[in-house]
Number of protein chains: 2
Amino acid sequence: MQTCRERGMKATHQRIEIFRELAASGAHPDAETVYQAVSQRVPSISRDTVYRTLATLEAEGFVRKINPLFERARYDANLDHHHHFICTVCGSVTDFCSERLDNLPIPASVEALGEIDSAHVQVQGICAACAHNRKPTQPPAGVL
Amino acid sequence: MQTCRERGMKATHQRIEIFRELAASGAHPDAETVYQAVSQRVPSISRDTVYRTLATLEAEGFVRKINPLFERARYDANLDHHHHFICTVCGSVTDFCSERLDNLPIPASVEALGEIDSAHVQVQGICAACAHNRKPTQPPAGVL
DNA sequence: GTAAGTGCAAACCGTTTGCAAGGAA
DNA sequence: TTCCTTGCAAACGGTTTGCACTTAC
């Protein structure tokens with residue numbers, strides 16, 4: 001709340017309800033699910049507000065998408081065990097292999113959740129090309 | 001090719017081109033990208049065929065989606081370091097924590113790909129509820 | 001010859017956007 | 001009072017679907 005105001009965001013009650021709903025749920029809901037839940041308490045809220053608020057909360061770092069690659073279905077013909085480096089700027093995905101990562105110590109608590117098919121590591125970061133474009137011609141010290 | 005026929009699939013040249021394109025590309029393309037590439041060699045191909053073929057190849061296990069959660073944006077208010085168990089049947093996501101998985105040995109080759117922000121483990125499987133529904137009343141041995 | 005696969009076009013669904021009215025600071 | 005936010009409705013983009021034609025087997 002205060003944090004919101006400090007960043008120039010208004011603390012409307014729609015926003016507060018949306019964030020509370022998300023924080024209370026452990027289920028990683030999508031926008032529609034949040035909308036359904038919140039509209040029970042705020043019947044006049046619109047879907048669009050939920051979408052916009054989630055985007056705002058994400059931009060401010062209060063909330064995170066669990067699926068950075070949700071926009072389109074992307075396919076892979078490489079069925080060997082491998083891991084992914086995902087660029088959060090351009091969305092490119094690069095495979096990498098690592099024997100040490102192929103046999104991860106999955107905690108026993110996870111095996112209780114269900115039958116495990118596979119496990120892989122997802123590394124997120126900024127690929128070399130995007131990192132290069134973000135600091136265009138890194139200004140030499142002293143220049144301005 | 002033979003493998004296709006064995007499974008009752010016809011080996012049309014559209015299918016062959018689509019699979020070849022995917023196998024040749026290391027970029028995990030989406031349907032549109034595959035369509036653009038293949039239509040240079042098969043100008044008459046339609047987008048729909050690409051979509052349908054990718055779905056068929058996936059169903060037969062020749063190809064895999066890299067983003068099982070691509071359908072909708074899903075949000076998380078838990079910003080602590082944690083990992084995910086994803087049910088491939090119902091799409092539910094359960095968080096879990098593991099100190100041993102929090103500091104993964106990322107290979108040096110990955111650090112060369114770009115700046116690493118975070119790394120987490122993604123476990124795929126079938127959650128207990130779905131596993132239960134799939135084998136309704138597991139037939140006791142001897143019965144049938 | 002027959003069933004599976006293809007192309008076309010329309011439908012679908014999640015998400016985004018422009019605009020005027022409403023509300024927090 | 002001012003600017004951010006909301007609600008409405010229309011647009012958008014990726015994907016799916018129904019139907020008639022084509023093609024591999």
# chains A, B, ... in the order shown; residues from 1 in each chain; ligands from 1
$ residues_around --residues "region 108-111 of chain A" --least-positions-apart "4" --cutoff "12 Å" --atoms "only C-alpha atoms (C1' of nucleotides)" --output "NGL selection string"
(:A and (104 or 115-119)) or (:B and (83-87 or 93-98 or 121-128))
$ interface_residues --of "chain A" --to "chain D" --cutoff "12 Å" --atoms "only C-alpha atoms (C1' of nucleotides)" --output "number ranges by chain"
A: 5, 8-15, 44-53, 56, 70-74
$ write_last_selection --atoms "N, CA and C atoms" --output "mmCIF file, in the first residue's frame"
data_model
loop_
_atom_site.group_PDB
_atom_site.id
_atom_site.type_symbol
_atom_site.label_atom_id
_atom_site.label_comp_id
_atom_site.auth_asym_id
_atom_site.auth_seq_id
_atom_site.Cartn_x
_atom_site.Cartn_y
_atom_site.Cartn_z
ATOM 1 N N ARG A 5 2.157 3.696 -3.160
ATOM 2 C CA ARG A 5 2.108 5.151 -3.260
ATOM 3 C C ARG A 5 3.497 5.730 -3.485
ATOM 4 N N GLY A 8 4.307 6.018 -6.946
ATOM 5 C CA GLY A 8 3.407 6.791 -7.788
ATOM 6 C C GLY A 8 2.196 6.021 -8.258
ATOM 7 N N MET A 9 1.947 4.860 -7.624
ATOM 8 C CA MET A 9 0.757 4.095 -7.991
ATOM 9 C C MET A 9 -0.351 4.415 -6.998
ATOM 10 N N LYS A 10 -1.564 4.504 -7.482
ATOM 11 C CA LYS A 10 -2.670 4.703 -6.572
ATOM 12 C C LYS A 10 -3.127 3.360 -6.013
ATOM 13 N N ALA A 11 -3.460 3.352 -4.719
ATOM 14 C CA ALA A 11 -3.881 2.102 -4.087
ATOM 15 C C ALA A 11 -5.393 1.978 -4.163
ATOM 16 N N THR A 12 -5.902 1.696 -5.334
ATOM 17 C CA THR A 12 -7.350 1.525 -5.479
ATOM 18 C C THR A 12 -7.755 0.202 -4.866
ATOM 19 N N HIS A 13 -9.019 0.091 -4.506
ATOM 20 C CA HIS A 13 -9.380 -1.153 -3.817
ATOM 21 C C HIS A 13 -9.428 -2.331 -4.780
ATOM 22 N N GLN A 14 -9.642 -2.073 -6.085
ATOM 23 C CA GLN A 14 -9.523 -3.157 -7.052
ATOM 24 C C GLN A 14 -8.107 -3.762 -7.004
ATOM 25 N N ARG A 15 -7.123 -2.866 -7.025
ATOM 26 C CA ARG A 15 -5.740 -3.339 -6.987
ATOM 27 C C ARG A 15 -5.442 -4.139 -5.750
ATOM 28 N N SER A 44 -18.427 -5.309 -9.458
ATOM 29 C CA SER A 44 -18.414 -4.384 -10.592
ATOM 30 C C SER A 44 -17.077 -4.393 -11.330
ATOM 31 N N ILE A 45 -16.119 -5.156 -10.833
ATOM 32 C CA ILE A 45 -14.789 -5.118 -11.466
ATOM 33 C C ILE A 45 -14.860 -5.703 -12.877
ATOM 34 N N SER A 46 -14.019 -5.206 -13.739
ATOM 35 C CA SER A 46 -14.025 -5.725 -15.109
ATOM 36 C C SER A 46 -12.767 -6.544 -15.372
ATOM 37 N N ARG A 47 -12.898 -7.460 -16.325
ATOM 38 C CA ARG A 47 -11.786 -8.297 -16.724
ATOM 39 C C ARG A 47 -10.556 -7.453 -17.094
ATOM 40 N N ASP A 48 -10.804 -6.384 -17.796
ATOM 41 C CA ASP A 48 -9.705 -5.552 -18.277
ATOM 42 C C ASP A 48 -8.877 -5.005 -17.132
ATOM 43 N N THR A 49 -9.555 -4.640 -16.049
ATOM 44 C CA THR A 49 -8.833 -4.128 -14.900
ATOM 45 C C THR A 49 -7.919 -5.199 -14.332
ATOM 46 N N VAL A 50 -8.409 -6.429 -14.316
ATOM 47 C CA VAL A 50 -7.565 -7.506 -13.808
ATOM 48 C C VAL A 50 -6.327 -7.646 -14.690
ATOM 49 N N TYR A 51 -6.520 -7.672 -16.001
ATOM 50 C CA TYR A 51 -5.374 -7.784 -16.898
ATOM 51 C C TYR A 51 -4.391 -6.647 -16.677
ATOM 52 N N ARG A 52 -4.947 -5.414 -16.636
ATOM 53 C CA ARG A 52 -4.049 -4.262 -16.514
ATOM 54 C C ARG A 52 -3.335 -4.250 -15.178
ATOM 55 N N THR A 53 -4.068 -4.616 -14.129
ATOM 56 C CA THR A 53 -3.459 -4.591 -12.808
ATOM 57 C C THR A 53 -2.367 -5.641 -12.692
ATOM 58 N N THR A 56 0.604 -4.301 -14.306
ATOM 59 C CA THR A 56 1.242 -3.259 -13.486
ATOM 60 C C THR A 56 2.013 -3.872 -12.332
ATOM 61 N N PHE A 70 4.782 -18.022 -22.387
ATOM 62 C CA PHE A 70 3.397 -18.445 -22.547
ATOM 63 C C PHE A 70 2.771 -17.979 -23.860
ATOM 64 N N GLU A 71 3.419 -17.086 -24.598
ATOM 65 C CA GLU A 71 2.730 -16.434 -25.722
ATOM 66 C C GLU A 71 2.338 -17.390 -26.840
ATOM 67 N N ARG A 72 3.236 -18.271 -27.205
ATOM 68 C CA ARG A 72 2.935 -19.187 -28.300
ATOM 69 C C ARG A 72 3.471 -20.568 -27.951
ATOM 70 N N ALA A 73 2.908 -21.576 -28.594
ATOM 71 C CA ALA A 73 3.425 -22.928 -28.426
ATOM 72 C C ALA A 73 4.742 -23.038 -29.192
ATOM 73 N N ARG A 74 5.787 -23.540 -28.542
ATOM 74 C CA ARG A 74 7.079 -23.685 -29.214
ATOM 75 C C ARG A 74 7.536 -25.124 -29.100
#
$ atom_distance --atom1 "CA of His81 (chain A)" --atom2 "CA of Leu101 (chain A)"
9.7 Å
$ interface_residues --of "chain C" --to "chain B" --cutoff "7 Å" --atoms "only C-alpha atoms (C1' of nucleotides)" --output "JSON, numbers by chain"
{"C": [6, 7, 14]}
$ write_last_selection --atoms "all heavy atoms" --output "PDB file, in the first residue's frame"
ATOM      1  P    DT C   6      -1.179 -33.254 -44.136  1.00  0.00           P
ATOM      2  OP1  DT C   6       0.206 -33.105 -44.575  1.00  0.00           O
ATOM      3  OP2  DT C   6      -1.585 -32.964 -42.747  1.00  0.00           O
ATOM      4  O5'  DT C   6      -2.109 -32.404 -45.107  1.00  0.00           O
ATOM      5  C5'  DT C   6      -1.937 -32.532 -46.510  1.00  0.00           C
ATOM      6  C4'  DT C   6      -2.828 -31.545 -47.228  1.00  0.00           C
ATOM      7  O4'  DT C   6      -4.204 -31.900 -46.961  1.00  0.00           O
ATOM      8  C3'  DT C   6      -2.642 -30.094 -46.764  1.00  0.00           C
ATOM      9  O3'  DT C   6      -2.296 -29.303 -47.894  1.00  0.00           O
ATOM     10  C2'  DT C   6      -3.999 -29.702 -46.183  1.00  0.00           C
ATOM     11  C1'  DT C   6      -4.948 -30.734 -46.777  1.00  0.00           C
ATOM     12  N1   DT C   6      -6.084 -31.117 -45.891  1.00  0.00           N
ATOM     13  C2   DT C   6      -7.363 -30.942 -46.346  1.00  0.00           C
ATOM     14  O2   DT C   6      -7.631 -30.474 -47.437  1.00  0.00           O
ATOM     15  N3   DT C   6      -8.335 -31.336 -45.462  1.00  0.00           N
ATOM     16  C4   DT C   6      -8.164 -31.887 -44.205  1.00  0.00           C
ATOM     17  O4   DT C   6      -9.117 -32.200 -43.514  1.00  0.00           O
ATOM     18  C5   DT C   6      -6.786 -32.035 -43.792  1.00  0.00           C
ATOM     19  C7   DT C   6      -6.483 -32.617 -42.453  1.00  0.00           C
ATOM     20  C6   DT C   6      -5.832 -31.654 -44.644  1.00  0.00           C
ATOM     21  P    DG C   7      -1.781 -27.807 -47.735  1.00  0.00           P
ATOM     22  OP1  DG C   7      -0.759 -27.572 -48.766  1.00  0.00           O
ATOM     23  OP2  DG C   7      -1.481 -27.573 -46.317  1.00  0.00           O
ATOM     24  O5'  DG C   7      -3.090 -26.980 -48.099  1.00  0.00           O
ATOM     25  C5'  DG C   7      -3.702 -27.161 -49.360  1.00  0.00           C
ATOM     26  C4'  DG C   7      -4.940 -26.285 -49.482  1.00  0.00           C
ATOM     27  O4'  DG C   7      -6.003 -26.875 -48.686  1.00  0.00           O
ATOM     28  C3'  DG C   7      -4.773 -24.846 -48.977  1.00  0.00           C
ATOM     29  O3'  DG C   7      -5.367 -23.987 -49.944  1.00  0.00           O
ATOM     30  C2'  DG C   7      -5.505 -24.837 -47.645  1.00  0.00           C
ATOM     31  C1'  DG C   7      -6.575 -25.910 -47.836  1.00  0.00           C
ATOM     32  N9   DG C   7      -6.960 -26.629 -46.623  1.00  0.00           N
ATOM     33  C8   DG C   7      -6.131 -27.075 -45.627  1.00  0.00           C
ATOM     34  N7   DG C   7      -6.756 -27.718 -44.668  1.00  0.00           N
ATOM     35  C5   DG C   7      -8.085 -27.696 -45.054  1.00  0.00           C
ATOM     36  C6   DG C   7      -9.239 -28.232 -44.413  1.00  0.00           C
ATOM     37  O6   DG C   7      -9.307 -28.850 -43.360  1.00  0.00           O
ATOM     38  N1   DG C   7     -10.388 -27.999 -45.152  1.00  0.00           N
ATOM     39  C2   DG C   7     -10.440 -27.321 -46.353  1.00  0.00           C
ATOM     40  N2   DG C   7     -11.638 -27.196 -46.916  1.00  0.00           N
ATOM     41  N3   DG C   7      -9.371 -26.818 -46.963  1.00  0.00           N
ATOM     42  C4   DG C   7      -8.228 -27.036 -46.266  1.00  0.00           C
ATOM     43  P    DG C  14     -10.237 -18.331 -22.678  1.00  0.00           P
ATOM     44  OP1  DG C  14     -10.110 -19.524 -21.842  1.00  0.00           O
ATOM     45  OP2  DG C  14     -11.394 -17.423 -22.535  1.00  0.00           O
ATOM     46  O5'  DG C  14      -8.908 -17.472 -22.534  1.00  0.00           O
ATOM     47  C5'  DG C  14      -7.661 -18.067 -22.847  1.00  0.00           C
ATOM     48  C4'  DG C  14      -6.655 -16.992 -23.176  1.00  0.00           C
ATOM     49  O4'  DG C  14      -7.070 -16.306 -24.374  1.00  0.00           O
ATOM     50  C3'  DG C  14      -6.489 -15.912 -22.097  1.00  0.00           C
ATOM     51  O3'  DG C  14      -5.110 -15.680 -21.903  1.00  0.00           O
ATOM     52  C2'  DG C  14      -7.225 -14.707 -22.676  1.00  0.00           C
ATOM     53  C1'  DG C  14      -7.056 -14.912 -24.182  1.00  0.00           C
ATOM     54  N9   DG C  14      -8.149 -14.346 -24.972  1.00  0.00           N
ATOM     55  C8   DG C  14      -9.487 -14.511 -24.754  1.00  0.00           C
ATOM     56  N7   DG C  14     -10.234 -13.883 -25.613  1.00  0.00           N
ATOM     57  C5   DG C  14      -9.334 -13.252 -26.463  1.00  0.00           C
ATOM     58  C6   DG C  14      -9.555 -12.425 -27.592  1.00  0.00           C
ATOM     59  O6   DG C  14     -10.624 -12.063 -28.079  1.00  0.00           O
ATOM     60  N1   DG C  14      -8.359 -12.005 -28.164  1.00  0.00           N
ATOM     61  C2   DG C  14      -7.113 -12.336 -27.702  1.00  0.00           C
ATOM     62  N2   DG C  14      -6.077 -11.841 -28.373  1.00  0.00           N
ATOM     63  N3   DG C  14      -6.888 -13.116 -26.649  1.00  0.00           N
ATOM     64  C4   DG C  14      -8.039 -13.538 -26.077  1.00  0.00           C
TER      65       DG C  14
END
$ closest_residue --among "B:Leu113, B:Ala37, B:Ile18, B:Ala59" --to "chain A" --atoms "only C-alpha atoms"
B:Leu113
$ select_by_dssp --residues "region 14-143 of chain A" --states "alpha helix (DSSP H)" --output "VMD selection string"
chain A and resid 14 to 24 31 to 41 47 to 59 99 to 102 108 to 111 128 to 134
